[in-house]
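Visitor: Sending over entry-v9.txt (compact mmCIF, C-alpha atoms).
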```
# COMPACT_ATOMS: atom_id res chain seq x y z
CA MET I 20 0.00 0.00 0.00
CA CYS I 21 1.38 3.42 -0.91
CA GLU I 22 1.87 5.93 1.84
CA THR I 23 0.60 9.45 1.46
CA LYS I 24 2.89 12.45 1.34
CA GLU I 25 1.72 13.47 4.80
CA GLU I 26 2.43 9.99 6.24
CA GLY I 27 5.87 9.92 4.66
CA LEU I 28 6.80 13.24 6.18
CA ARG I 29 5.40 12.26 9.59
CA GLY I 30 6.97 8.79 9.66
CA PRO I 31 6.79 7.13 13.08
CA GLN I 32 5.99 10.37 14.85
CA LEU I 33 2.64 10.99 16.49
CA SER I 34 0.11 13.03 14.63
CA ARG I 35 -0.62 16.58 15.78
CA ARG I 36 -4.16 15.53 16.75
CA ARG I 37 -2.85 12.64 18.86
CA ILE I 38 -0.36 14.92 20.61
CA LEU I 39 -3.01 17.51 21.37
CA THR I 40 -5.41 14.86 22.64
CA THR I 41 -2.79 13.37 24.95
CA ALA I 42 -1.78 16.79 26.21
CA GLY I 43 -5.39 17.68 26.88
CA THR I 44 -5.94 14.49 28.88
CA LEU I 45 -2.87 15.12 31.00
CA ALA I 46 -3.97 18.69 31.59
CA MET I 47 -7.36 17.54 32.83
CA LEU I 48 -5.75 15.03 35.21
CA ALA I 49 -3.19 17.49 36.55
CA PRO I 50 -5.31 18.88 39.43
CA TRP I 51 -6.06 15.31 40.56
CA THR I 52 -2.53 14.00 40.38
CA ALA I 53 -0.52 16.93 41.72
CA GLY I 54 1.91 15.63 44.33
CA LEU I 55 0.87 12.05 43.65
CA ALA I 56 2.09 9.08 41.64
CA PHE I 57 0.06 6.39 39.93
CA ALA I 58 -0.28 3.01 41.61
CA ASP I 59 1.90 1.48 38.89
CA LYS I 60 4.81 3.30 40.52
CA ALA I 61 3.74 2.31 44.02
CA GLY I 62 7.25 1.21 44.96
CA GLU I 63 8.10 4.88 45.44
CA LEU I 64 5.10 5.71 47.62
CA PRO I 65 4.80 5.81 51.43
CA ASN I 66 1.76 3.52 51.19
CA ALA I 67 3.62 0.98 49.06
CA ILE I 68 2.87 -1.88 51.43
CA LYS I 69 1.31 -5.27 50.82
CA PRO I 70 -2.46 -5.60 51.26
CA GLU I 71 -2.00 -7.96 54.22
CA ALA I 72 0.22 -5.42 55.95
CA ALA I 73 -2.42 -2.72 55.48
CA LEU I 74 -5.12 -5.03 56.85
CA LYS I 75 -2.95 -5.91 59.85
CA ARG I 76 -2.46 -2.23 60.60
CA LEU I 77 -6.22 -1.61 60.42
CA MET I 78 -7.12 -4.49 62.70
CA GLU I 79 -4.45 -3.58 65.24
CA GLY I 80 -5.90 -0.08 65.27
CA ASN I 81 -9.38 -1.48 65.84
CA MET I 82 -8.11 -3.46 68.81
CA ARG I 83 -6.75 -0.23 70.32
CA TYR I 84 -10.04 1.54 69.64
CA ALA I 85 -12.18 -1.22 71.18
CA ALA I 86 -9.91 -1.29 74.25
CA ASN I 87 -10.11 2.52 74.54
CA THR I 88 -6.33 2.82 74.21
CA PRO I 89 -5.96 4.82 70.97
CA ASN I 90 -2.67 6.34 69.89
CA GLN I 91 -2.17 9.87 71.13
CA ARG I 92 -1.88 12.36 68.27
CA ASP I 93 -1.23 15.99 67.53
CA PHE I 94 -3.50 16.49 64.53
CA SER I 95 -2.03 19.89 63.72
CA ALA I 96 1.51 18.53 63.26
CA GLY I 97 0.99 16.90 59.85
CA ARG I 98 -1.43 19.33 58.22
CA ALA I 99 1.17 21.10 56.11
CA ALA I 100 2.44 17.82 54.63
CA LEU I 101 -1.09 16.52 54.00
CA ALA I 102 -1.94 19.70 52.11
CA LYS I 103 0.58 18.64 49.45
CA SER I 104 -0.27 14.94 49.04
CA GLN I 105 -2.04 11.91 50.47
CA TYR I 106 -1.03 8.25 50.64
CA PRO I 107 -3.89 6.26 52.24
CA ILE I 108 -3.25 2.62 53.09
CA ALA I 109 -6.86 1.58 52.53
CA ALA I 110 -10.04 2.65 50.75
CA ILE I 111 -13.13 2.08 52.89
CA LEU I 112 -16.70 1.76 51.60
CA SER I 113 -18.65 2.33 54.80
CA CYS I 114 -22.23 2.93 55.86
CA ALA I 115 -23.25 6.57 56.41
CA ASP I 116 -24.53 5.72 59.91
CA SER I 117 -23.47 8.49 62.30
CA ARG I 118 -22.29 5.92 64.86
CA VAL I 119 -19.70 4.46 62.49
CA SER I 120 -16.50 6.43 61.89
CA PRO I 121 -13.79 4.39 60.12
CA GLU I 122 -10.98 6.78 61.06
CA LEU I 123 -11.82 6.33 64.73
CA ALA I 124 -12.75 2.64 64.54
CA PHE I 125 -9.38 1.79 62.96
CA ASP I 126 -7.46 4.37 65.03
CA GLN I 127 -5.78 5.90 62.00
CA ASN I 128 -4.36 9.34 61.27
CA PRO I 129 -5.75 11.86 58.77
CA GLY I 130 -4.53 10.83 55.35
CA ASP I 131 -4.42 7.11 56.19
CA LEU I 132 -7.89 6.17 54.97
CA PHE I 133 -9.74 7.05 51.76
CA VAL I 134 -13.35 6.78 52.94
CA MET I 135 -16.62 6.64 51.00
CA ARG I 136 -19.87 6.55 52.99
CA VAL I 137 -23.41 5.75 51.90
CA ALA I 138 -26.40 4.24 53.69
CA GLY I 139 -26.16 0.47 53.48
CA ASN I 140 -22.53 0.55 52.22
CA VAL I 141 -23.71 -0.33 48.71
CA MET I 142 -21.88 0.21 45.45
CA SER I 143 -22.92 2.80 42.85
CA PRO I 144 -21.19 4.23 39.75
CA ASN I 145 -19.98 7.34 41.56
CA LEU I 146 -18.67 5.39 44.52
CA LEU I 147 -16.95 2.94 42.19
CA ALA I 148 -15.30 5.89 40.45
CA SER I 149 -14.08 7.12 43.83
CA LEU I 150 -12.64 3.69 44.63
CA GLU I 151 -10.97 3.64 41.22
CA TYR I 152 -9.34 6.96 42.07
CA GLY I 153 -8.13 5.56 45.38
CA VAL I 154 -6.69 2.44 43.80
CA LYS I 155 -5.27 3.85 40.57
CA ILE I 156 -4.22 7.38 41.53
CA LEU I 157 -3.60 7.20 45.28
CA GLY I 158 -2.16 3.69 45.25
CA THR I 159 -4.23 2.21 48.07
CA PRO I 160 -3.29 -1.49 48.46
CA LEU I 161 -6.49 -2.49 50.27
CA VAL I 162 -10.22 -1.99 49.77
CA MET I 163 -12.67 -2.81 52.57
CA VAL I 164 -16.46 -2.86 52.58
CA LEU I 165 -17.51 -2.05 56.14
CA GLY I 166 -21.02 -2.86 57.34
CA HIS I 167 -22.30 -2.63 60.90
CA THR I 168 -24.76 -4.21 63.30
CA ASN I 169 -28.32 -2.90 63.49
CA CYS I 170 -28.06 -1.29 60.05
CA GLY I 171 -31.19 0.75 59.30
CA ALA I 172 -30.83 0.44 55.54
CA VAL I 173 -30.73 -3.35 55.68
CA SER I 174 -33.64 -3.35 58.14
CA ALA I 175 -35.64 -1.22 55.69
CA ALA I 176 -34.91 -3.69 52.89
CA ILE I 177 -36.25 -6.50 55.08
CA SER I 178 -39.43 -4.50 55.74
CA VAL I 179 -39.93 -3.95 52.03
CA LEU I 180 -39.54 -7.64 51.19
CA GLU I 181 -41.46 -9.11 54.11
CA ASP I 182 -44.07 -6.44 54.89
CA ASN I 183 -44.40 -4.62 51.54
CA ALA I 184 -43.33 -1.39 53.21
CA VAL I 185 -43.47 1.70 50.99
CA LEU I 186 -40.48 4.01 51.37
CA PRO I 187 -40.43 7.73 50.52
CA GLY I 188 -38.28 9.68 48.10
CA HIS I 189 -35.26 7.99 46.55
CA LEU I 190 -35.00 5.32 49.25
CA PRO I 191 -36.52 2.56 47.06
CA GLY I 192 -33.61 2.92 44.62
CA LEU I 193 -31.08 2.56 47.41
CA ILE I 194 -32.88 -0.37 49.01
CA SER I 195 -33.07 -2.23 45.70
CA SER I 196 -29.30 -2.75 45.91
CA ILE I 197 -29.69 -4.46 49.29
CA LYS I 198 -32.63 -6.72 48.42
CA PRO I 199 -30.46 -9.53 46.94
CA ALA I 200 -28.56 -9.79 50.23
CA VAL I 201 -31.80 -10.03 52.19
CA ALA I 202 -33.08 -12.72 49.81
CA ALA I 203 -29.86 -14.70 50.30
CA ALA I 204 -30.20 -14.41 54.07
CA GLN I 205 -33.81 -15.60 53.90
CA LYS I 206 -32.77 -18.70 51.96
CA SER I 207 -30.11 -19.58 54.53
CA GLY I 208 -32.76 -19.92 57.25
CA ALA I 209 -30.64 -18.10 59.84
CA ASP I 210 -32.31 -17.31 63.17
CA ASN I 211 -31.43 -13.61 63.07
CA LEU I 212 -32.41 -12.37 59.63
CA LEU I 213 -31.09 -8.82 60.14
CA ASN I 214 -27.63 -9.89 61.28
CA ASN I 215 -27.31 -12.44 58.50
CA ALA I 216 -28.55 -9.97 55.87
CA ILE I 217 -25.96 -7.42 57.03
CA ILE I 218 -23.21 -9.99 56.50
CA GLU I 219 -24.62 -11.08 53.15
CA ASN I 220 -24.79 -7.46 52.02
CA VAL I 221 -21.10 -6.93 52.78
CA ARG I 222 -20.23 -10.14 50.95
CA LEU I 223 -22.32 -9.08 47.95
CA GLN I 224 -20.57 -5.71 47.67
CA VAL I 225 -17.15 -7.34 48.02
CA GLU I 226 -17.90 -9.78 45.21
CA GLU I 227 -19.21 -6.99 43.00
CA LEU I 228 -16.01 -5.03 43.52
CA LYS I 229 -13.82 -8.02 42.74
CA LYS I 230 -15.29 -8.22 39.25
CA SER I 231 -15.82 -4.52 38.59
CA SER I 232 -14.11 -3.12 35.52
CA PRO I 233 -12.00 -1.56 34.30
CA ILE I 234 -9.78 -0.73 37.28
CA VAL I 235 -10.65 -2.27 40.66
CA GLY I 236 -11.39 -5.74 39.33
CA GLU I 237 -8.24 -5.77 37.21
CA PHE I 238 -6.05 -4.63 40.11
CA TYR I 239 -7.58 -7.37 42.25
CA ALA I 240 -7.11 -10.04 39.57
CA GLY I 241 -3.50 -8.91 39.18
CA LYS I 242 -2.98 -9.21 42.96
CA LYS I 243 -2.03 -5.57 43.22
CA ILE I 244 -4.75 -5.04 45.84
CA ASP I 245 -6.97 -7.09 48.09
CA ILE I 246 -10.69 -6.56 48.71
CA VAL I 247 -12.16 -7.64 52.05
CA GLY I 248 -15.31 -7.18 54.12
CA GLY I 249 -15.95 -6.47 57.75
CA VAL I 250 -18.81 -5.77 60.17
CA TYR I 251 -18.52 -3.16 62.93
CA ASP I 252 -20.27 -4.01 66.21
CA LEU I 253 -21.99 -0.88 67.52
CA ARG I 254 -21.93 -2.16 71.12
CA THR I 255 -18.31 -3.25 71.40
CA GLY I 256 -16.57 -1.23 68.71
CA LYS I 257 -14.95 -4.40 67.38
CA ILE I 258 -14.74 -5.19 63.69
CA ALA I 259 -15.11 -8.79 62.54
CA LEU I 260 -13.71 -9.77 59.15
CA ILE I 261 -16.03 -11.89 57.03
```
Translate the structure described by the file into structure tokens.
Guide:
Amino acid sequence: MCETKEEGLRGPQLSRRRILTTAGTLAMLAPWTAGLAFADKAGELPNAIKPEAALKRLMEGNMRYAANTPNQRDFSAGRAALAKSQYPIAAILSCADSRVSPELAFDQNPGDLFVMRVAGNVMSPNLLASLEYGVKILGTPLVMVLGHTNCGAVSAAISVLEDNAVLPGHLPGLISSIKPAVAAAQKSGADNLLNNAIIENVRLQVEELKKSSPIVGEFYAGKKIDIVGGVYDLRTGKIALI
């Protein structure tokens, strides 16, 4: 096939359009990536630790929290450094319940956790995008879905399925994401439907994340990150991995 005059002059070089497109993409990402490095270069980052090491750090922090022996901190000391960059060791998808605070429950410093909160700790496109940012841009080695005991969102899903309860506003859309977990708990025949549904809901979200594309699922399949689930006990403050 004959090459055109333009192709011959350009040779192996990129076209002007391709260069401009690439430059535009980088320009758009610049505010997001300032002071940061992509997870592919995680060996250079302060949070370049293995997923199991990150999980160990979280659970040790939870033991301190439950025992009421948290680390003493001066929160003002690291503000200047955090203003320039962040290197969280874990991304947490947590319930929006006011009694659940991942930073406190895991006894971590500001900048250690990249937290997303929504009633029922269920996945949505925007939350998935946030997790993708945490994994790809911030280099978090661990993702955790954190449910909790006596979850109102899960309880509402049970009421809808068992009592045909009618919920106001946009709640039906939220609850629809929890219904499969409640159905799974019903089939198991567990004595405490609410507790079992809470666990099933965490498991469901974990499995959805493990196969989510194009970023989180691929990082998990490539063993660059781990994805786990846990349930926070409102009475004791302890977190049980599931």
Visitor: Using only C-alpha atoms, which residue out of I:Ile177, I:Met142, I:Ile108, I:Ile261 lies closest to Phe125 of chain I?
Guide: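 Closest to Phe125 of chain I of all the choices is I:Ile108.
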Visitor: Residues within 12 Å of Val119 of chain I, please, as a count of residues only. Count all atoms listed in the file; anything in the same chain fewer than 2 positions from it doesn't count.
Guide: 33
Visitor: Which polymer residues have any atom within 10 Å of an atom of segment 200-213 of chain I, counting all atoms listed in the file, with same-chain residues fewer than 3 positions away left out, as a list in words?
Guide: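 Listing them by chain and then by number gives Thr168, Asn169, Cys170, Gly171, Val173, Ser174, Ala175, Ala176, Ile177, Leu180, Glu181, Ser195, Ser196, Ile197, Ala216, Ile217, Ile218, Glu219, Asn220, Val221, Arg222, Leu223 and Gln224 of chain I.
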Visitor: Return as a Markdown table the residues of segment 136-197 of chain I lying at most 12 Å from segment 128-131 of chain I, together with the closest atom-to-atom pair for each and the distance in Å to one decimal, counting all atoms listed in the file, with rows in chain order and ascending residue number.
Guide:
```
| residue | atom | partner | partner_atom | distance |
| --- | --- | --- | --- | --- |
| I:Gly153 | CA | I:Asp131 | CA | 11.5 |
| I:Leu157 | CA | I:Gly130 | CA | 10.7 |
| I:Gly158 | CA | I:Asp131 | CA | 11.7 |
| I:Thr159 | CA | I:Asp131 | CA | 9.5 |
| I:Pro160 | CA | I:Asp131 | CA | 11.6 |
| I:Leu161 | CA | I:Asp131 | CA | 11.5 |
```
Visitor: Atom CA of Pro65 of chain I and atom CA of Gln127 of chain I, how far apart in Å?
Guide: 15.0 Å
Visitor: In Å, with one decimal, what is the gap from atom CA of Ile246 of chain I to atom CA of Ser104 of chain I?
Guide: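 Answer for the atom CA of Ile246 of chain I to atom CA of Ser104 of chain I separation: 23.9 Å.
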Visitor: Do you have the atom CA of Val235 of chain I-atom CA of Leu132 of chain I distance handy?
Guide: 16.8 Å
Visitor: Find the residue from I:Gly97, I:Gly236, I:Gly248, I:Pro187 that sits nearest to Val154 of chain I; use all atoms listed in the file when measuring.
Guide: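 Of I:Gly97, I:Gly236, I:Gly248, I:Pro187, the one nearest Val154 of chain I, counting all atoms listed in the file, is I:Gly236.
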Visitor: Counting only C-alpha atoms, which of I:Glu237, I:Glu151, I:Glu79, I:Glu71 gets nearest to Asp126 of chain I?
Guide: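 Selected residue with least distance to Asp126 of chain I: I:Glu79.
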Visitor: Could segment 90-108 of chain I be completed with N, CA, C and O atoms and written as an mmCIF file, in the frame of the given file, please?
Guide:
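Here's the written file selection-v1.cif:
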```cif
data_model
loop_
_atom_site.group_PDB
_atom_site.id
_atom_site.type_symbol
_atom_site.label_atom_id
_atom_site.label_comp_id
_atom_site.auth_asym_id
_atom_site.auth_seq_id
_atom_site.Cartn_x
_atom_site.Cartn_y
_atom_site.Cartn_z
ATOM 1 N N ASN I 90 -3.929 5.602 69.939
ATOM 2 C CA ASN I 90 -2.670 6.340 69.890
ATOM 3 C C ASN I 90 -2.938 7.820 70.132
ATOM 4 O O ASN I 90 -3.920 8.375 69.639
ATOM 5 N N GLN I 91 -2.059 8.440 70.894
ATOM 6 C CA GLN I 91 -2.170 9.870 71.130
ATOM 7 C C GLN I 91 -1.607 10.617 69.926
ATOM 8 O O GLN I 91 -0.554 10.268 69.407
ATOM 9 N N ARG I 92 -2.301 11.656 69.472
ATOM 10 C CA ARG I 92 -1.880 12.360 68.270
ATOM 11 C C ARG I 92 -1.975 13.866 68.432
ATOM 12 O O ARG I 92 -2.807 14.370 69.186
ATOM 13 N N ASP I 93 -1.125 14.548 67.706
ATOM 14 C CA ASP I 93 -1.230 15.990 67.530
ATOM 15 C C ASP I 93 -1.668 16.208 66.094
ATOM 16 O O ASP I 93 -0.863 16.145 65.163
ATOM 17 N N PHE I 94 -2.962 16.420 65.881
ATOM 18 C CA PHE I 94 -3.500 16.490 64.530
ATOM 19 C C PHE I 94 -2.990 17.701 63.747
ATOM 20 O O PHE I 94 -3.044 17.722 62.523
ATOM 21 N N SER I 95 -2.505 18.711 64.431
ATOM 22 C CA SER I 95 -2.030 19.890 63.720
ATOM 23 C C SER I 95 -0.635 19.691 63.138
ATOM 24 O O SER I 95 -0.236 20.396 62.210
ATOM 25 N N ALA I 96 0.106 18.700 63.645
ATOM 26 C CA ALA I 96 1.510 18.530 63.260
ATOM 27 C C ALA I 96 1.681 18.184 61.782
ATOM 28 O O ALA I 96 2.609 18.658 61.135
ATOM 29 N N GLY I 97 0.798 17.366 61.228
ATOM 30 C CA GLY I 97 0.990 16.900 59.850
ATOM 31 C C GLY I 97 0.158 17.602 58.810
ATOM 32 O O GLY I 97 0.121 17.179 57.658
ATOM 33 N N ARG I 98 -0.519 18.682 59.178
ATOM 34 C CA ARG I 98 -1.430 19.330 58.220
ATOM 35 C C ARG I 98 -0.702 19.891 57.012
ATOM 36 O O ARG I 98 -1.190 19.801 55.879
ATOM 37 N N ALA I 99 0.448 20.495 57.228
ATOM 38 C CA ALA I 99 1.170 21.100 56.110
ATOM 39 C C ALA I 99 1.565 20.054 55.080
ATOM 40 O O ALA I 99 1.413 20.264 53.877
ATOM 41 N N ALA I 100 2.043 18.892 55.546
ATOM 42 C CA ALA I 100 2.440 17.820 54.630
ATOM 43 C C ALA I 100 1.234 17.245 53.898
ATOM 44 O O ALA I 100 1.291 16.952 52.698
ATOM 45 N N LEU I 101 0.113 17.091 54.611
ATOM 46 C CA LEU I 101 -1.090 16.520 54.000
ATOM 47 C C LEU I 101 -1.693 17.466 52.962
ATOM 48 O O LEU I 101 -2.414 17.015 52.061
ATOM 49 N N ALA I 102 -1.418 18.749 53.088
ATOM 50 C CA ALA I 102 -1.940 19.700 52.110
ATOM 51 C C ALA I 102 -1.314 19.485 50.743
ATOM 52 O O ALA I 102 -1.893 19.838 49.715
ATOM 53 N N LYS I 103 -0.139 18.865 50.705
ATOM 54 C CA LYS I 103 0.580 18.640 49.450
ATOM 55 C C LYS I 103 0.235 17.308 48.804
ATOM 56 O O LYS I 103 0.228 17.193 47.586
ATOM 57 N N SER I 104 -0.028 16.277 49.603
ATOM 58 C CA SER I 104 -0.270 14.940 49.040
ATOM 59 C C SER I 104 -0.939 14.047 50.058
ATOM 60 O O SER I 104 -1.001 14.368 51.248
ATOM 61 N N GLN I 105 -1.438 12.906 49.592
ATOM 62 C CA GLN I 105 -2.040 11.910 50.470
ATOM 63 C C GLN I 105 -1.661 10.521 49.991
ATOM 64 O O GLN I 105 -1.584 10.276 48.791
ATOM 65 N N TYR I 106 -1.425 9.618 50.949
ATOM 66 C CA TYR I 106 -1.030 8.250 50.640
ATOM 67 C C TYR I 106 -1.778 7.275 51.552
ATOM 68 O O TYR I 106 -1.194 6.657 52.428
ATOM 69 N N PRO I 107 -3.101 7.137 51.372
ATOM 70 C CA PRO I 107 -3.890 6.260 52.240
ATOM 71 C C PRO I 107 -3.524 4.783 52.055
ATOM 72 O O PRO I 107 -3.219 4.350 50.950
ATOM 73 N N ILE I 108 -3.569 4.049 53.150
ATOM 74 C CA ILE I 108 -3.250 2.620 53.090
ATOM 75 C C ILE I 108 -4.463 1.776 52.751
ATOM 76 O O ILE I 108 -4.330 0.599 52.426
#
```
